[in-house]
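K.L.:
Here it is: the structure, laid out below.
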Amino acid sequence: MSIHGLSIFTWTQAKLYLREPIATFFTIFFAPLFLVLFGLIYGNEPSDILGGRGSMDVTVPAYLGIIIVTVGLIGLPIQTSVNRELGILRRYRVTPLRPLTYIIADVTAYWAMALAGMVLLVVVGKLVYDVRFEGNILNVLAGFTLGILAFLAIGFVIASLAPSARVAQTLGMVLSYPMMFLCGATIPFELLPSSVQRIADFLPLTYVVKLMRGLWVGEPWSDLWLEVAVLTGILVICGVISARFFRWE
Amino acid sequence: MTEPVIAVESLEKSYGSVRAVDAISFEVAEGEIFGVVGPNGAGKTTTIECLEGLRRPDGGHVRVLGLDPRQDRFAVTERIGAQLQECALPARLRVGEALRLFASFYSRPLEPKPILEGLGLADRTNVPFADLSGGQKQRLSIALALVGDPRLVFFDELTSGLDPQARHATWDLVRDVRAKGKTVFLTTHYMEEAERLCDRVMIIDAGRIVALDAPAALIRALGAEQRVAFGADGIGDDVVGTLRAITGVERVERSGERVAVYGQSDRLLTPILEVLQEAHLSFHDLQTEQPNLEDVFLTLTGREMRD
């Protein structure tokens, strides 16, 4: 594996992603747009139920979960299984391209796309609603990276097990949309009934949202060990499953 | 004797209860254009995919450039180029990007630009794959097969779906590949393509080798007749007798002014024309019929190629 080869493949994957208008919209523009719409409804006045923070202060880190789930569970499985259905992955198999190069380049490209979505969301939040940020940028970046890696690993499992692109797409959406609403990504946990919160404990996105909200307000990693452990566990288990079951054709 | 580029011994591959390839053995020498022909489902693609390392044979030995295509996958893929049947690229990937991407896979790639120029794609570098014509897509797949500077190139049904003009142009491109010193292994279900393009052809049917030789040798071995037919105004028995005396002529049939000359030789036409000229006879509606690979297939299998 050469750095040159890795960078060309990563850059190519990123360019191809940006040329898909729908993927680009949902990864980069959807969350900021949602933020502006909900901001118009709720505003960002401090509220007791949110611990003295405004609705937007809480929503910006939670929406990072929307970006992560969209890229990991919808973007990656669709793109990967379409490339398999078209015989593109098979074509790579008769070249010396190493599978590891392919996976690192693919993951890096998706991570970069998600990061672009994150940057735009934060910039819009800052400019339009002057959201409060009480954490450390590097910690937020690290937490975001762990979240996206865990969800890309789930995405690879979907892409590995789904028999067709159509099934992968359906599976990704069926898993994503309920999670967006049940895991505090769109509606803050504080506003959800306790029964829903108990369901949310079993859904992976909950741990992304809790981790991002915690890091956003400057909670130390030691208070977030459960979230980190769950996401690391998902990353490892799904990584092993997809390494075992990934199909090139 | 130098080592063969491809050596296959008793290759076997089944899908369920269907024997796609049934104990076939052959060798391909350096610098050959070697073609596998046969009807759909004969086992052509299975054979080529076992050589490319895409499929694991059930039995037998396969050596490509002296290596095992599956165990030595990366050493083999470094030295071969392949065009796959029904293979697409990402719709929005541009021609130039595709070449640079594939070049990055190999340790000693060629410059993309001259390859694109040689294939008439130099003005298409910024065109997305989805916007290319069928012939351009096919030429791009040739370019991608060549960019790693391979010793051996595989083409699987390279010209299927192309119109006759594009097909003939593609033959010239394949000959160019060989002229650069590379060995070409191709599959086709066009008998004419195999006959015109390949140094040697392996005809397979239902997973077995039916015949393997140079196309001309296969046709000669058939012992089939060549037929030359024409109309000649006022032709008489004396001229028919002279025609019958030509070396290689076996019989002459005449009905009215229509004459048909049959024989084994593939050099009947010139002496026939000389006889007619000497007799000051004008002729019209000249037709010649020679046996071709289709006839070889028909004779050996008892079936038409396309059924």
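Going through the structure tokens in order, the chains are called A, B, and so on, while each chain numbers its residues from 1 and the ligands are numbered from 1 in the order shown.
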Determine which residues of chain A sit within 6 Å of chain B, taking into account only C-alpha atoms, and present them as a PyMOL selection string.
P.N.:
chain A and resi 5+86-88+94-97
K.L.:
Just C-alpha atoms for this one: save the residues we selected as a PDB file, in the first residue's frame.
P.N.:
ATOM      1  CA  GLY A   5      -2.151   5.225  -4.192  1.00  0.00           C
ATOM      2  CA  LEU A  86     -22.256  -2.730 -11.246  1.00  0.00           C
ATOM      3  CA  GLY A  87     -19.182  -4.972 -11.088  1.00  0.00           C
ATOM      4  CA  ILE A  88     -16.908  -2.100 -10.063  1.00  0.00           C
ATOM      5  CA  VAL A  94      -8.250  -8.026 -11.024  1.00  0.00           C
ATOM      6  CA  THR A  95      -5.853  -5.195 -10.168  1.00  0.00           C
ATOM      7  CA  PRO A  96      -3.181  -5.210  -7.447  1.00  0.00           C
ATOM      8  CA  LEU A  97      -5.347  -2.842  -5.328  1.00  0.00           C
TER       9      LEU A  97
END
K.L.:
Could you write out, as a CSV table (one decimal) with C-alpha atoms, in the first residue's frame, all the residues of region 32-127 of chain A that DSSP marks as strand (DSSP E)?
P.N.:
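As a result, out-v3.csv now contains:
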chain,number,residue,atom,x,y,z
A,46,PRO,CA,-32.3,29.6,27.9
A,47,SER,CA,-34.7,26.9,29.2
A,53,ARG,CA,-29.2,26.2,27.8
A,54,GLY,CA,-31.1,27.2,24.7
K.L.:
Counting only C-alpha atoms, which of B:Phe297, B:Trp171, B:Phe129, B:Phe185 gets nearest to Lys44 (chain B)?
P.N.:
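Using only C-alpha atoms, the shortest distance to Lys44 (chain B) belongs to B:Phe185.
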K.L.:
Show which residues sit within 10 Å of Ser81 (chain A), as an NGL selection string. Count only C-alpha atoms, and ignore same-chain residues fewer than 6 positions away.
P.N.:
:A and (87-89 or 156 or 158-169 or 247-249)
K.L.:
Could you save the residues just selected, with C-alpha atoms, as a PDB file, in the first residue's frame?
P.N.:
ATOM      1  CA  GLY A  87     -19.182  -4.972 -11.088  1.00  0.00           C
ATOM      2  CA  ILE A  88     -16.908  -2.100 -10.063  1.00  0.00           C
ATOM      3  CA  LEU A  89     -15.593  -3.905  -6.977  1.00  0.00           C
ATOM      4  CA  PHE A 156     -20.150  -2.119   6.087  1.00  0.00           C
ATOM      5  CA  ILE A 158     -25.282  -3.833   6.062  1.00  0.00           C
ATOM      6  CA  ALA A 159     -23.404  -3.674   2.735  1.00  0.00           C
ATOM      7  CA  SER A 160     -21.878  -7.103   3.389  1.00  0.00           C
ATOM      8  CA  LEU A 161     -25.092  -8.884   4.311  1.00  0.00           C
ATOM      9  CA  ALA A 162     -27.642  -7.171   2.041  1.00  0.00           C
ATOM     10  CA  PRO A 163     -28.155  -9.213  -1.135  1.00  0.00           C
ATOM     11  CA  SER A 164     -28.773  -6.136  -3.302  1.00  0.00           C
ATOM     12  CA  ALA A 165     -28.430  -2.361  -3.341  1.00  0.00           C
ATOM     13  CA  ARG A 166     -32.190  -2.042  -2.963  1.00  0.00           C
ATOM     14  CA  VAL A 167     -32.188  -4.124   0.210  1.00  0.00           C
ATOM     15  CA  ALA A 168     -29.181  -2.221   1.558  1.00  0.00           C
ATOM     16  CA  GLN A 169     -30.981   1.067   0.981  1.00  0.00           C
ATOM     17  CA  ARG A 247     -18.343  -9.595  -0.689  1.00  0.00           C
ATOM     18  CA  TRP A 248     -16.622  -8.103  -3.711  1.00  0.00           C
ATOM     19  CA  GLU A 249     -19.182  -9.567  -6.133  1.00  0.00           C
TER      20      GLU A 249
END
K.L.:
Kindly indicate which residue among A:Ala114, A:Ile104, A:Leu211, A:Leu191 lies nearest to Ala229 (chain A), using only C-alpha atoms for the distances.
P.N.:
A:Leu211
K.L.:
For CA of Thr301 (chain B) and CA of Asp205 (chain B), determine how far apart the two atoms are, in Å to one decimal place.
P.N.:
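Distance between the two atoms: 7.9 Å.
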K.L.:
Can you pull out every residue within 9 Å of Ala194 (chain B), counting only C-alpha atoms, but drop anything in the same chain fewer than 5 positions away, and send it as a VMD selection string?
P.N.:
chain B and resid 34 to 37 186 to 189 199 to 201 215 293
K.L.:
For the residues selected in the previous step, produce a file with C-alpha atoms as a PDB file, in the first residue's frame.
P.N.:
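Output saved as out13.pdb:
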ATOM      1  CA  PHE B  34      -5.301 -16.896 -28.205  1.00  0.00           C
ATOM      2  CA  GLY B  35      -9.071 -17.068 -28.502  1.00  0.00           C
ATOM      3  CA  VAL B  36     -11.677 -19.163 -26.751  1.00  0.00           C
ATOM      4  CA  VAL B  37     -14.835 -19.509 -28.808  1.00  0.00           C
ATOM      5  CA  LEU B 186      -9.710 -13.435 -25.387  1.00  0.00           C
ATOM      6  CA  THR B 187     -13.133 -15.018 -25.453  1.00  0.00           C
ATOM      7  CA  THR B 188     -15.761 -14.420 -28.088  1.00  0.00           C
ATOM      8  CA  HIS B 189     -18.915 -15.994 -29.427  1.00  0.00           C
ATOM      9  CA  ASP B 199      -3.388 -17.007 -33.986  1.00  0.00           C
ATOM     10  CA  ARG B 200      -4.929 -20.032 -32.337  1.00  0.00           C
ATOM     11  CA  VAL B 201      -8.469 -20.766 -31.270  1.00  0.00           C
ATOM     12  CA  PRO B 215      -8.082 -21.184 -37.565  1.00  0.00           C
ATOM     13  CA  LEU B 293     -15.026 -21.793 -38.302  1.00  0.00           C
TER      14      LEU B 293
END
K.L.:
Hey, what's within 12 Å of Thr47 (chain B) if we count only C-alpha atoms and toss same-chain stuff fewer than 5 positions away? As a ChimeraX atom specification, please?
P.N.:
/B:6,8-14,19-26,35-38,41-42,52-58,60,62,154,156,185-187,202,204,207-209
K.L.:
Please identify all polymer residues within 10 Å of Leu132 (chain B), counting only C-alpha atoms, omitting same-chain residues fewer than 5 positions from it, and present them as a list in words.
P.N.:
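Non-adjacent residues within range: Ala91, Arg94, Val95, Arg124, Val127, Lys137, Gln138 and Leu140 of chain B.
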K.L.:
Based on the selection just made, write C-alpha atoms of those residues as a CSV table (one decimal), in the first residue's frame.
P.N.:
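Output below, filename part.csv:
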chain,number,residue,atom,x,y,z
B,91,ALA,CA,-21.2,6.8,-13.6
B,94,ARG,CA,-14.3,10.8,-15.8
B,95,VAL,CA,-12.1,9.1,-18.3
B,124,ARG,CA,-12.7,12.5,-23.9
B,127,VAL,CA,-16.3,13.0,-20.0
B,137,LYS,CA,-16.6,2.5,-23.0
B,138,GLN,CA,-15.1,-0.5,-24.6
B,140,LEU,CA,-11.7,2.8,-22.0
K.L.:
Could you work out how far CA of Glu294 (chain B) lies from CA of Leu243 (chain B), giving the answer in Å with one decimal?
P.N.:
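So the two atoms, CA of Leu243 (chain B) and CA of Glu294 (chain B), lie 28.7 Å apart.
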K.L.:
Using only C-alpha atoms, I'd like a table of the residues in region 110-214 of chain A that come within 9 Å of region 11-17 of chain A; for each, show the closest atom pair and its distance in Å rounded to one decimal, ordered by chain and ascending number, as JSON lines.
P.N.:
{"residue": "A:Tyr110", "atom": "CA", "partner": "A:Ala14", "partner_atom": "CA", "distance": 7.2}
{"residue": "A:Ala112", "atom": "CA", "partner": "A:Ala14", "partner_atom": "CA", "distance": 7.8}
{"residue": "A:Met113", "atom": "CA", "partner": "A:Ala14", "partner_atom": "CA", "distance": 7.3}
K.L.:
Quick one: distance from CA of Met212 (chain A) to CA of Thr101 (chain A) in Å, one decimal?
P.N.:
29.3 Å
K.L.:
So which one's closest to Ile148 (chain A), A:Val217, A:Leu192, A:Leu171, A:Leu64? Using only C-alpha atoms, please.
P.N.:
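Nearest to Ile148 (chain A): A:Leu64.
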K.L.:
Need the shell around region 257-264 of chain B: protein/DNA/RNA residues with any atom at most 8 Å away, counting only C-alpha atoms. Skip same-chain ones fewer than 5 positions apart. Format as JSON, numbers by chain?
P.N.:
{"B": [223, 224, 225, 226, 227, 228, 229, 230, 231, 232, 233, 234, 235, 243, 248, 249, 250, 251, 252]}
K.L.:
Filtering to C-alpha atoms, could you give me those residues as a PDB file, in the first residue's frame?
P.N.:
ATOM      1  CA  GLY B 223     -11.717 -31.326 -45.573  1.00  0.00           C
ATOM      2  CA  ALA B 224     -14.731 -29.336 -46.648  1.00  0.00           C
ATOM      3  CA  GLU B 225     -15.333 -28.313 -50.204  1.00  0.00           C
ATOM      4  CA  GLN B 226     -14.883 -24.912 -51.652  1.00  0.00           C
ATOM      5  CA  ARG B 227     -17.512 -23.905 -54.160  1.00  0.00           C
ATOM      6  CA  VAL B 228     -17.155 -21.397 -56.997  1.00  0.00           C
ATOM      7  CA  ALA B 229     -20.353 -20.622 -58.903  1.00  0.00           C
ATOM      8  CA  PHE B 230     -21.029 -18.287 -61.818  1.00  0.00           C
ATOM      9  CA  GLY B 231     -23.196 -17.742 -64.822  1.00  0.00           C
ATOM     10  CA  ALA B 232     -21.536 -17.870 -68.280  1.00  0.00           C
ATOM     11  CA  ASP B 233     -23.425 -17.106 -71.487  1.00  0.00           C
ATOM     12  CA  GLY B 234     -23.062 -19.853 -74.102  1.00  0.00           C
ATOM     13  CA  ILE B 235     -20.779 -22.135 -72.098  1.00  0.00           C
ATOM     14  CA  LEU B 243     -12.759 -26.855 -65.824  1.00  0.00           C
ATOM     15  CA  GLY B 248      -8.045 -29.747 -57.110  1.00  0.00           C
ATOM     16  CA  VAL B 249     -11.405 -29.698 -58.858  1.00  0.00           C
ATOM     17  CA  GLU B 250     -13.554 -32.657 -57.898  1.00  0.00           C
ATOM     18  CA  ARG B 251     -16.695 -32.055 -59.856  1.00  0.00           C
ATOM     19  CA  VAL B 252     -18.448 -29.487 -61.969  1.00  0.00           C
TER      20      VAL B 252
END
K.L.:
Can you pull out every residue from region 29-213 of chain A that DSSP, working from the backbone, puts in helix (DSSP H, G or I), and format the result as an NGL selection string?
P.N.:
:A and (29-42 or 48-50 or 55-85 or 88-93 or 99-129 or 137-161 or 165-182 or 189-191 or 194-200 or 204-213)
K.L.:
Would you export the selected residues with C-alpha atoms as a compact mmCIF listing (two decimals), in the first residue's frame, please?
P.N.:
# COMPACT_ATOMS: atom_id res chain seq x y z
CA PHE A 29 -26.74 20.54 3.88
CA PHE A 30 -29.58 18.64 5.51
CA ALA A 31 -28.59 19.13 9.18
CA PRO A 32 -27.86 22.88 8.90
CA LEU A 33 -31.15 23.37 7.04
CA PHE A 34 -33.03 21.45 9.73
CA LEU A 35 -31.28 23.56 12.36
CA VAL A 36 -32.41 26.81 10.79
CA LEU A 37 -36.00 25.53 10.42
CA PHE A 38 -36.27 24.33 14.03
CA GLY A 39 -34.50 27.45 15.23
CA LEU A 40 -37.28 29.48 13.65
CA ILE A 41 -39.78 27.51 15.74
CA TYR A 42 -37.99 27.17 19.07
CA ASP A 48 -34.88 25.27 32.60
CA ILE A 49 -35.67 21.87 31.16
CA LEU A 50 -32.39 21.99 29.20
CA SER A 55 -32.72 24.76 22.36
CA MET A 56 -30.09 25.41 19.67
CA ASP A 57 -27.20 24.98 22.13
CA VAL A 58 -28.36 21.42 22.66
CA THR A 59 -29.48 20.75 19.09
CA VAL A 60 -26.19 21.47 17.31
CA PRO A 61 -24.21 18.64 18.99
CA ALA A 62 -27.25 16.32 18.76
CA TYR A 63 -27.55 16.95 15.02
CA LEU A 64 -24.00 15.69 14.59
CA GLY A 65 -25.68 12.33 15.24
CA ILE A 66 -27.93 12.90 12.21
CA ILE A 67 -24.89 13.42 9.99
CA ILE A 68 -23.18 10.33 11.38
CA VAL A 69 -26.19 8.06 10.94
CA THR A 70 -26.88 9.35 7.42
CA VAL A 71 -23.35 8.80 6.15
CA GLY A 72 -22.82 5.50 7.96
CA LEU A 73 -26.13 3.72 7.51
CA ILE A 74 -27.42 5.20 4.25
CA GLY A 75 -24.51 6.69 2.27
CA LEU A 76 -21.99 3.90 2.66
CA PRO A 77 -24.29 0.84 2.26
CA ILE A 78 -25.98 2.22 -0.86
CA GLN A 79 -22.75 3.31 -2.54
CA THR A 80 -20.91 0.11 -1.67
CA SER A 81 -23.65 -2.23 -2.82
CA VAL A 82 -24.26 -0.24 -6.02
CA ASN A 83 -20.53 -0.48 -6.80
CA ARG A 84 -20.74 -4.20 -6.20
CA GLU A 85 -23.86 -4.62 -8.36
CA ILE A 88 -16.91 -2.10 -10.06
CA LEU A 89 -15.59 -3.90 -6.98
CA ARG A 90 -15.00 -6.97 -9.12
CA ARG A 91 -12.99 -4.92 -11.59
CA TYR A 92 -10.77 -3.76 -8.69
CA ARG A 93 -10.20 -7.41 -7.80
CA PRO A 99 -8.45 -4.56 0.08
CA LEU A 100 -7.00 -2.60 3.01
CA THR A 101 -6.21 0.37 0.74
CA TYR A 102 -9.78 0.27 -0.55
CA ILE A 103 -11.28 0.26 2.94
CA ILE A 104 -9.01 2.95 4.40
CA ALA A 105 -9.59 5.20 1.39
CA ASP A 106 -13.35 4.66 1.52
CA VAL A 107 -13.58 5.30 5.26
CA THR A 108 -11.38 8.39 5.00
CA ALA A 109 -13.54 9.82 2.21
CA TYR A 110 -16.77 9.27 4.19
CA TRP A 111 -15.16 10.70 7.33
CA ALA A 112 -14.11 13.80 5.38
CA MET A 113 -17.65 14.23 4.00
CA ALA A 114 -19.16 13.90 7.46
CA LEU A 115 -16.60 16.36 8.78
CA ALA A 116 -17.61 18.87 6.10
CA GLY A 117 -21.21 18.45 7.28
CA MET A 118 -20.13 19.00 10.86
CA VAL A 119 -18.19 22.17 10.05
CA LEU A 120 -21.10 23.67 8.13
CA LEU A 121 -23.56 22.79 10.91
CA VAL A 122 -21.40 24.39 13.58
CA VAL A 123 -20.73 27.49 11.47
CA VAL A 124 -24.45 27.96 10.77
CA GLY A 125 -25.25 27.38 14.46
CA LYS A 126 -22.67 29.95 15.50
CA LEU A 127 -23.61 32.58 12.90
CA VAL A 128 -27.39 32.28 13.05
CA TYR A 129 -28.05 31.37 16.69
CA ILE A 137 -12.53 21.30 19.84
CA LEU A 138 -10.08 18.39 19.69
CA ASN A 139 -12.21 16.31 22.05
CA VAL A 140 -15.32 16.99 19.97
CA LEU A 141 -13.41 16.01 16.83
CA ALA A 142 -12.16 12.82 18.45
CA GLY A 143 -15.66 11.90 19.67
CA PHE A 144 -17.13 12.66 16.25
CA THR A 145 -14.49 10.47 14.61
CA LEU A 146 -15.24 7.57 16.96
CA GLY A 147 -18.96 7.96 16.22
CA ILE A 148 -18.55 8.02 12.45
CA LEU A 149 -16.13 5.06 12.49
CA ALA A 150 -18.57 2.99 14.55
CA PHE A 151 -21.43 3.82 12.17
CA LEU A 152 -19.35 3.23 9.04
CA ALA A 153 -18.58 -0.21 10.51
CA ILE A 154 -22.33 -0.86 10.88
CA GLY A 155 -22.73 0.38 7.31
CA PHE A 156 -20.15 -2.12 6.09
CA VAL A 157 -22.07 -4.90 7.85
CA ILE A 158 -25.28 -3.83 6.06
CA ALA A 159 -23.40 -3.67 2.73
CA SER A 160 -21.88 -7.10 3.39
CA LEU A 161 -25.09 -8.88 4.31
CA ALA A 165 -28.43 -2.36 -3.34
CA ARG A 166 -32.19 -2.04 -2.96
CA VAL A 167 -32.19 -4.12 0.21
CA ALA A 168 -29.18 -2.22 1.56
CA GLN A 169 -30.98 1.07 0.98
CA THR A 170 -34.19 -0.12 2.64
CA LEU A 171 -32.31 -1.60 5.58
CA GLY A 172 -30.28 1.58 6.07
CA MET A 173 -33.38 3.77 6.05
CA VAL A 174 -35.43 1.50 8.30
CA LEU A 175 -32.62 1.56 10.85
CA SER A 176 -31.81 5.26 10.49
CA TYR A 177 -35.07 7.14 10.64
CA PRO A 178 -36.50 5.71 13.88
CA MET A 179 -33.10 6.19 15.51
CA MET A 180 -33.02 9.86 14.52
CA PHE A 181 -36.22 10.46 16.47
CA LEU A 182 -35.80 8.01 19.35
CA PHE A 189 -33.90 13.35 25.47
CA GLU A 190 -35.26 15.72 28.08
CA LEU A 191 -38.47 16.01 26.11
CA SER A 194 -39.04 7.76 29.98
CA SER A 195 -40.34 4.65 28.17
CA VAL A 196 -38.84 5.94 24.93
CA GLN A 197 -35.59 6.73 26.73
CA ARG A 198 -35.41 3.10 27.87
CA ILE A 199 -35.78 1.91 24.26
CA ALA A 200 -33.13 4.42 23.25
CA PRO A 204 -26.41 2.82 19.03
CA LEU A 205 -27.18 6.37 17.93
CA THR A 206 -28.10 7.27 21.53
CA TYR A 207 -24.48 6.86 22.52
CA VAL A 208 -23.29 9.10 19.70
CA VAL A 209 -25.73 11.84 20.72
CA LYS A 210 -24.88 11.56 24.43
CA LEU A 211 -21.15 11.58 23.66
CA MET A 212 -21.38 14.62 21.40
CA ARG A 213 -23.62 16.56 23.79
